[in-house]
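Since the structure comes first, as structure tokens, the remarks are kept for the end.
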Amino acid sequence: MNRQVSHAVLAAVAILVLVLIGVQAVDPVLYAAKNISTAAHADPATIQKRSPGDAASLVPLMDELLGETGTLALTIKLQDYESAERDLARYNELSRRFDRLVVTLDVSGTDIGEFQQNNRQNQDALAALLNDTRRFDALQRLEIEVRGDDEQHMTVIYEGEALRQKMRETFSAYARREAATVRIAEHYEINATPYQESVDHFAEVADAANGWQEEINGGGTGTGGTGSGGTVQSPLVIAVTPVEGSYGDVLLVGGIHAAGKSGAPVEIYVDSRLAATVALDDDRTYVHSYRVGRILAGPHLAYATAGTIYSNVAAFEVLPKNTSITLSLAEVNGTAVACTGNLTADDGRPVTRAPVLIRVDGETLVGAETDGNGTYRADILLPAGEHALRAEFHAAGYPLNASESPTETVILRGEGLSPFPFAAAIAAAAGTGWYLRRRRSEESTPAAEPEAAPSPEVARLAPQVSIAGLPPREAATVLFCTLRARLGLPETKTPRDCARIAPAYAGFFERYERIRYAGETPSEEELTDMERIALGGDADRA
Amino acid sequence: MTQIEREAWAILLILLLAAAVAYAHVTTTTEEYSRYNTDWNGTSALPAEEIRDLRNLDTAATLLILAPDRPFTAEEVGYLQTFLDAGGRVIVADEEGTANSLLADLGSTMRVRPQNLASLERDRADPGLFTVSVVGNTSLFAGVGTVRVNRPAAVTGGEPLLETAILTWEDGDGDGRISGDEVFGTAVICAAEGNLTVLGDESLFINAMLAENPQFIENIQPIRVDSIHSRTGTANPIINTRLWIQETPPAAAAAAALAILPVAWHFGRKRDD
């Protein structure tokens with residue numbers, strides 16, 4: 001095959017390969033990184049193994065929660081407080097697990113989120129029912145003990161009335177949630193019977209409180225009825241103005257203590273919890289500015305005590321409000337992003353000291369908390385690449401509705417490139433250069449010497465060899481090695497290399513090449529001639 | 001070895017490599033579900049035999065109609081009906097609803113309802129890649145508790161065989177999360193009427209999914225794939241030519257002769273030299 005033909009074939013092959021590659025380049029589906037999903041399916045091998053959470057346990061947890069309400073309400077009704085405490089602790093634990101799961105699975109915007117809200121309120125209601133029932137139980141015993149002591153008896157009646165009203169309010173709210181909760185339970189094929197029974201138990205407990213209070217009032221203690229009932233006139237009066245408020249509003253809780261002295265302490269309770277202690281003014285009035293903060297939306301009760309004197313019970317309602325949350329991202333460095341934003345109610349009021357969650361890539365959650373201005377900040381470490389972040393406010397325990405920010409995207413560059421690979425590459429390049437240079441110098445060194453005729457010293461040092469008795473081709477090989485050694489050429493050199501390095505002996509080496517590779521057999525005359533040259537006995541060498 | 005000989009060998013090697021590359025390219029395709037697509041979304045690895053004639057089907061094998069995109073004639077529907085009546089098992093895998101006319105012609109009440117289903121019952125980031133539960137009693141899913149599906153459609157009618165978990169929704173806005181008016185609910189992915197089974201996920205048979213549900217694939221062996229109407233038959237003109245040569249003896253003999261003649265000529269010339 002001559003050179004022109006081979007070049008033509010090579011060119012044709014190159015064109016063919018280019019055409020094949022070109023055809024694929026038009027439609028790079030085979031090797032494009034995008035080719036991991038189509039409308040019909042995704043390549044599971046390329047999809048990250050990442051579960052959104054333990055979804056399988058969500059519905060069973062809902063079932064357990066509803067079941068627990070029935071058990072808890074029953075034990076409260078039976079006044080088995082020890083068991084009720086245990087049931088409440090378990091209910092709280094289940095609720096915590098459920099809350100975490102709802103957040104992890106990102107389902108707070110669904111009817112499961114509604115179920116969660118209802119469950120939180122049920123949790124508070126049942127906890128309050130347990131406390132109130134226990135207190136009511138104690139009051140019932142106390143009422144018998146203090147009969148005959150009008151002042152003590154009145155105190156018991158006042159507190160009993162406050163508790164009774166609170167229990168009625170709590171029950172009303174509990175019962176209002178029944179329809180929605182049962183609807184959601186049926187959707188998920190959950191048995192809602194225990195929950196419905198809990199409503200009945202709750203009603204019985206509240207009715208029992210009503211009955212006792214009516215019995216006391218009707219029994220004629222000689223001191224009249226309750227303050228709120230209007231039949232008993234307590235010297236300590238309380239009122240809340242306005243009677244409605246929402247997050248951040250200030251409600252004035254105050255009144256007058258007709259029998260009190262200036263400076264005497266008055267304790268104000270909201271939902272049976274001490275909210276403030278204030279002193280009576282000179283005009284025997286008292287007032288406390290109650291700011292609506294972390295308190296559930298719905299009805300609440302307030303009353304006051306001054307020593308053993310109890311006030312009437314005042315009711316007020318906390319109204320829910322919408323919220324909005326913002327999110328801004330700023331790259332701190334190649335691996336961290338600063339998330340900042342504001343959480344405000346719909347009237348622009350900042351929501352302070354509230355927990356905020358930042359959802360990263362739809363999965364990971366990072367917690368933060370708003371400061372006194374409703375501003376939050378969290379620095380999050382992330383791997384290099386594009387990330388989607390969203391801020392969420394879940395409003396647990398607040399008279400506020402949940403909100404979430406628009407999803408923001410950030411692209412992190414990752415850590416700066418390490419200098420080590422570059423240093424290694426430079427070192428490798430330098431090493432390669434040094435090696436090639438050394439090798440070239442080694443190759444060029446012997447080439448220079450044979451350009452000139454071998455020195456007489458070299459010729460004198462030529463080894464004495466004998467080819468007598470050897471086959472002709474073998475003898476030629478011995479003579480080739482002899483000449484190569486005499487010329488100081490490396491053993492790695494082929495006959496062609498030797499002919500190029502020592503052109504003065506080219507005839508010898510070319511003849512040996514034909515013998516060695518073309519299979520020719522040298523004649524005796526040729527061997528004699530070669531022996532003479534190899535041993536340095538020929539003046540013209542070739 | 002002389003320099004000319006070395007060049008000759010190099011050219012020969014390049015020619016062989018180029019021929020191998022050309023063969024790989026022209027005998028494969030990137031078409032979805034194609035038996036000639038060796039990539040993840042092809043069906044080259046599905047252990048099944050292709051058939052191009054629906055007459056006289058073997059009732060011992062499962063007939064798979066996978067992602068059908070060509071209509072069935074009345075005659076072909078008749079062949080299928082005969083096959084079903086004889087005890088043969090037919091699986092229609094479709095998620096675009098193109099099989100609904102065939103199902104109607106077969107007198108079935110089952111229909112494929114294309115939906116963008118998503119579920120929380122999964123261990124992958126893609127919400128369309130989730131697991132469903134076996135709810136029906138059938139040999140198709142013997143020994144199988146759950147099946148991993150890949151962006152399936154819902155199936156209505158028939159006896160349910162595969163059903164999603166309750167935490168599944170139709171992701172109408174395609175954002176991968178339940179939002180807006182989307183609600184959780186179960187959906188049937190596979191149903192059966194007698195020997196006719198409708199599977200709302202044709203992706204179960206692509207190369208990348210075979211390892212996900214090996215027992216199911218094992219249960220339906222041996223498989224005959226209808227290559228006339230299924231998208232598994234999608235090829236290209238070169239593949240079609242190759243198939244024609246394989247199926248036509250004179251053409252195969254001519255192709256063999258074309259391959260042998262240059263070699264014979266080469267050796268003959270060398271001997272003359």
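Each chain of the structure tokens is named A, B, ... in the order shown, its residues numbered from 1; ligands are numbered from 1 in display order.
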* Asked: Any idea what's packed within 9 Å of Gly334 in chain A, counting only C-alpha atoms, ignoring anything in its chain fewer than 2 positions away? Could you give it as number ranges by chain?
  -> A: 331-332, 336-337, 382-384, 412-416
* What's the 9 Å shell around Arg148 in chain B, counting only C-alpha atoms, without same-chain residues fewer than 5 positions away, as number ranges by chain? -> B: 122, 129-133, 204, 209, 212-213
* To do: Show me which bits of chain A are within 9 Å of chain B, counting only C-alpha atoms, as JSON, numbers by chain.
  => {"A": [1, 2, 3, 6, 9, 10, 13, 14, 16, 17, 20, 24, 29, 30, 36, 37, 38, 39, 40, 41, 42, 43, 44, 45, 47, 48, 49, 50, 51, 52, 53, 54, 55, 56, 58, 59, 105, 106, 107, 109, 110, 111, 187, 188, 362, 517]}
* Asked: Separation of CA of Asn137 in chain B and CA of Leu106 in chain B, in Å?
  ->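 If I compute the distance from CA of Asn137 in chain B to CA of Leu106 in chain B, I get 22.8 Å.
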* Asked: Please, which residues of range 120-223 of chain B, numbered as in this document, come out strand (DSSP E) from DSSP, as number ranges by chain?
  -> B: 129-134, 146-150, 154-156, 159-163, 168-170, 188-193, 196-199, 223
How would the residues just chosen look if you wrote them out with N, CA and C atoms as a compact mmCIF listing (two decimals), in the first residue's frame?
# COMPACT_ATOMS: atom_id res chain seq x y z
N LEU B 129 -41.75 8.92 41.82
CA LEU B 129 -41.12 7.60 41.93
C LEU B 129 -41.42 7.07 43.34
N PHE B 130 -42.50 6.30 43.47
CA PHE B 130 -42.94 5.91 44.80
C PHE B 130 -43.38 4.45 44.80
N THR B 131 -43.75 3.97 45.97
CA THR B 131 -44.16 2.57 46.09
C THR B 131 -45.67 2.49 46.26
N VAL B 132 -46.22 1.42 45.71
CA VAL B 132 -47.65 1.15 45.86
C VAL B 132 -47.80 -0.25 46.44
N SER B 133 -48.96 -0.52 47.00
CA SER B 133 -49.16 -1.79 47.68
C SER B 133 -49.99 -2.73 46.81
N VAL B 134 -49.68 -4.00 46.95
CA VAL B 134 -50.48 -5.02 46.27
C VAL B 134 -51.73 -5.24 47.12
N THR B 146 -44.95 -4.80 47.83
CA THR B 146 -45.03 -3.44 47.27
C THR B 146 -44.33 -3.42 45.91
N VAL B 147 -44.75 -2.47 45.11
CA VAL B 147 -44.17 -2.31 43.78
C VAL B 147 -43.74 -0.86 43.65
N ARG B 148 -42.52 -0.66 43.15
CA ARG B 148 -42.08 0.72 42.93
C ARG B 148 -42.52 1.14 41.53
N VAL B 149 -43.26 2.23 41.47
CA VAL B 149 -43.76 2.72 40.19
C VAL B 149 -43.05 4.03 39.84
N ASN B 150 -43.18 4.40 38.57
CA ASN B 150 -42.41 5.52 38.05
C ASN B 150 -43.34 6.43 37.25
N ALA B 154 -53.51 6.59 36.76
CA ALA B 154 -54.51 5.85 37.53
C ALA B 154 -55.31 4.95 36.58
N VAL B 155 -55.83 3.88 37.14
CA VAL B 155 -56.67 2.96 36.37
C VAL B 155 -58.03 2.90 37.07
N THR B 156 -59.08 3.03 36.29
CA THR B 156 -60.43 2.93 36.88
C THR B 156 -61.09 1.65 36.38
N GLU B 159 -61.02 -5.05 39.08
CA GLU B 159 -60.66 -5.36 40.46
C GLU B 159 -59.28 -4.78 40.75
N PRO B 160 -59.16 -3.90 41.75
CA PRO B 160 -57.86 -3.27 42.02
C PRO B 160 -56.79 -4.30 42.42
N LEU B 161 -55.61 -4.14 41.85
CA LEU B 161 -54.48 -5.02 42.20
C LEU B 161 -53.36 -4.23 42.87
N LEU B 162 -53.16 -3.01 42.42
CA LEU B 162 -52.13 -2.15 43.02
C LEU B 162 -52.79 -0.83 43.41
N GLU B 163 -52.51 -0.39 44.63
CA GLU B 163 -53.13 0.86 45.09
C GLU B 163 -52.07 1.71 45.78
N THR B 168 -51.05 10.25 48.70
CA THR B 168 -50.77 10.42 47.28
C THR B 168 -51.69 11.51 46.76
N TRP B 169 -51.20 12.29 45.83
CA TRP B 169 -52.04 13.35 45.29
C TRP B 169 -51.75 13.56 43.80
N GLU B 170 -52.69 14.16 43.14
CA GLU B 170 -52.47 14.52 41.74
C GLU B 170 -51.79 15.87 41.72
N VAL B 188 -55.84 3.77 42.20
CA VAL B 188 -55.53 2.41 41.73
C VAL B 188 -54.59 2.52 40.53
N ILE B 189 -53.52 1.76 40.59
CA ILE B 189 -52.52 1.81 39.53
C ILE B 189 -52.66 0.61 38.59
N CYS B 190 -53.20 -0.45 39.11
CA CYS B 190 -53.33 -1.66 38.30
C CYS B 190 -54.63 -2.36 38.67
N ALA B 191 -55.35 -2.83 37.65
CA ALA B 191 -56.61 -3.52 37.90
C ALA B 191 -56.74 -4.66 36.89
N ALA B 192 -57.66 -5.55 37.18
CA ALA B 192 -57.82 -6.71 36.29
C ALA B 192 -59.29 -7.04 36.12
N GLU B 193 -59.58 -7.60 34.98
CA GLU B 193 -60.89 -8.20 34.70
C GLU B 193 -60.60 -9.54 34.05
N LEU B 196 -57.45 -10.22 31.72
CA LEU B 196 -56.98 -8.94 31.18
C LEU B 196 -56.57 -8.02 32.34
N THR B 197 -55.32 -7.61 32.31
CA THR B 197 -54.80 -6.73 33.36
C THR B 197 -54.38 -5.41 32.73
N VAL B 198 -54.75 -4.33 33.38
CA VAL B 198 -54.34 -3.00 32.92
C VAL B 198 -53.42 -2.41 33.97
N LEU B 199 -52.25 -2.05 33.52
CA LEU B 199 -51.23 -1.49 34.41
C LEU B 199 -50.99 -0.04 33.99
N ILE B 223 -42.62 -13.91 28.55
CA ILE B 223 -43.32 -12.72 28.03
C ILE B 223 -43.19 -12.68 26.51
* Between CA of Ser139 in chain B and CA of Asn219 in chain B, measure the distance and give it in Å to one decimal. =>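 So the two atoms, CA of Ser139 in chain B and CA of Asn219 in chain B, lie 7.1 Å apart.
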* **Per-residue DSSP, range 163-342 of chain A, filtered to alpha helix (DSSP H), as a PyMOL selection string** => chain A and resi 163-176+178-187+193-219
Can you list, as a PDB file with C-alpha atoms, in the first residue's frame, every protein, DNA or RNA residue that comes within 10 Å of range 142-145 of chain A when you count only C-alpha atoms, leaving out same-chain residues fewer than 6 positions away?
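Final file, out09.pdb:
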ATOM      1  CA  PHE A 136     -62.821  21.516  90.980  1.00  0.00           C
ATOM      2  CA  GLN A 152     -64.100  31.277 102.973  1.00  0.00           C
ATOM      3  CA  HIS A 153     -67.234  29.852 101.479  1.00  0.00           C
ATOM      4  CA  MET A 154     -67.621  32.816  99.149  1.00  0.00           C
ATOM      5  CA  THR A 155     -64.051  32.409  98.005  1.00  0.00           C
ATOM      6  CA  VAL A 156     -64.686  28.788  97.127  1.00  0.00           C
ATOM      7  CA  ILE A 157     -67.841  29.680  95.279  1.00  0.00           C
ATOM      8  CA  GLY A 160     -65.737  27.384  91.437  1.00  0.00           C
ATOM      9  CA  ILE A 216     -74.381  25.303  95.803  1.00  0.00           C
TER      10      ILE A 216
END
* Asked: CA of Gln213 in chain A to CA of Arg164 in chain A: how many Å, to one decimal?
  ->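 Between CA of Gln213 in chain A and CA of Arg164 in chain A the gap is 7.7 Å.
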* Please provide the set of residues having any atom within 9 Å of Arg284 in chain A, restricted to only C-alpha atoms, with same-chain residues fewer than 2 positions apart removed, written as a PyMOL selection string. => chain A and resi 255-264+279-282+286
Requested write-out: N, CA and C atoms of the selected residues, as a JSON list (two decimals), in the first residue's frame:
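Result saved to part_23.json:
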[["chain", "number", "residue", "atom", "x", "y", "z"],
["A", 255, "GLY", "N", -60.21, 46.78, 87.57],
["A", 255, "GLY", "CA", -61.49, 46.91, 88.24],
["A", 255, "GLY", "C", -61.32, 47.67, 89.55],
["A", 256, "ILE", "N", -62.14, 47.35, 90.49],
["A", 256, "ILE", "CA", -62.12, 48.05, 91.78],
["A", 256, "ILE", "C", -62.29, 47.05, 92.91],
["A", 257, "HIS", "N", -61.64, 47.33, 94.02],
["A", 257, "HIS", "CA", -61.79, 46.49, 95.22],
["A", 257, "HIS", "C", -62.36, 47.40, 96.32],
["A", 258, "ALA", "N", -63.65, 47.32, 96.48],
["A", 258, "ALA", "CA", -64.35, 48.25, 97.37],
["A", 258, "ALA", "C", -63.90, 48.13, 98.81],
["A", 259, "ALA", "N", -63.48, 46.91, 99.19],
["A", 259, "ALA", "CA", -63.10, 46.71, 100.58],
["A", 259, "ALA", "C", -61.59, 46.75, 100.78],
["A", 260, "GLY", "N", -60.86, 47.09, 99.70],
["A", 260, "GLY", "CA", -59.40, 47.05, 99.79],
["A", 260, "GLY", "C", -58.80, 48.35, 100.25],
["A", 261, "LYS", "N", -57.51, 48.25, 100.60],
["A", 261, "LYS", "CA", -56.80, 49.45, 101.03],
["A", 261, "LYS", "C", -55.79, 49.81, 99.95],
["A", 262, "SER", "N", -55.46, 51.08, 99.88],
["A", 262, "SER", "CA", -54.51, 51.56, 98.89],
["A", 262, "SER", "C", -53.19, 50.81, 99.04],
["A", 263, "GLY", "N", -52.67, 50.33, 97.92],
["A", 263, "GLY", "CA", -51.39, 49.61, 97.92],
["A", 263, "GLY", "C", -51.52, 48.13, 98.14],
["A", 264, "ALA", "N", -52.70, 47.66, 98.44],
["A", 264, "ALA", "CA", -52.87, 46.22, 98.66],
["A", 264, "ALA", "C", -52.69, 45.47, 97.34],
["A", 279, "ALA", "N", -50.89, 46.68, 92.38],
["A", 279, "ALA", "CA", -51.28, 47.27, 93.66],
["A", 279, "ALA", "C", -52.49, 48.16, 93.47],
["A", 280, "LEU", "N", -53.31, 48.21, 94.51],
["A", 280, "LEU", "CA", -54.49, 49.07, 94.45],
["A", 280, "LEU", "C", -54.07, 50.54, 94.51],
["A", 281, "ASP", "N", -54.74, 51.34, 93.70],
["A", 281, "ASP", "CA", -54.47, 52.77, 93.75],
["A", 281, "ASP", "C", -55.19, 53.39, 94.95],
["A", 282, "ASP", "N", -55.01, 54.70, 95.06],
["A", 282, "ASP", "CA", -55.66, 55.40, 96.17],
["A", 282, "ASP", "C", -57.18, 55.33, 96.05],
["A", 286, "TYR", "N", -57.56, 49.14, 90.27],
["A", 286, "TYR", "CA", -56.34, 48.49, 89.81],
["A", 286, "TYR", "C", -56.47, 48.26, 88.30]]
* Pick out the residues sitting within 8 Å of range 56-64 of chain B, and hand them over as a PyMOL selection string; count only C-alpha atoms, and ignore anything fewer than 3 positions along from it in its own chain. => chain B and resi 79+83+86-93+220-226
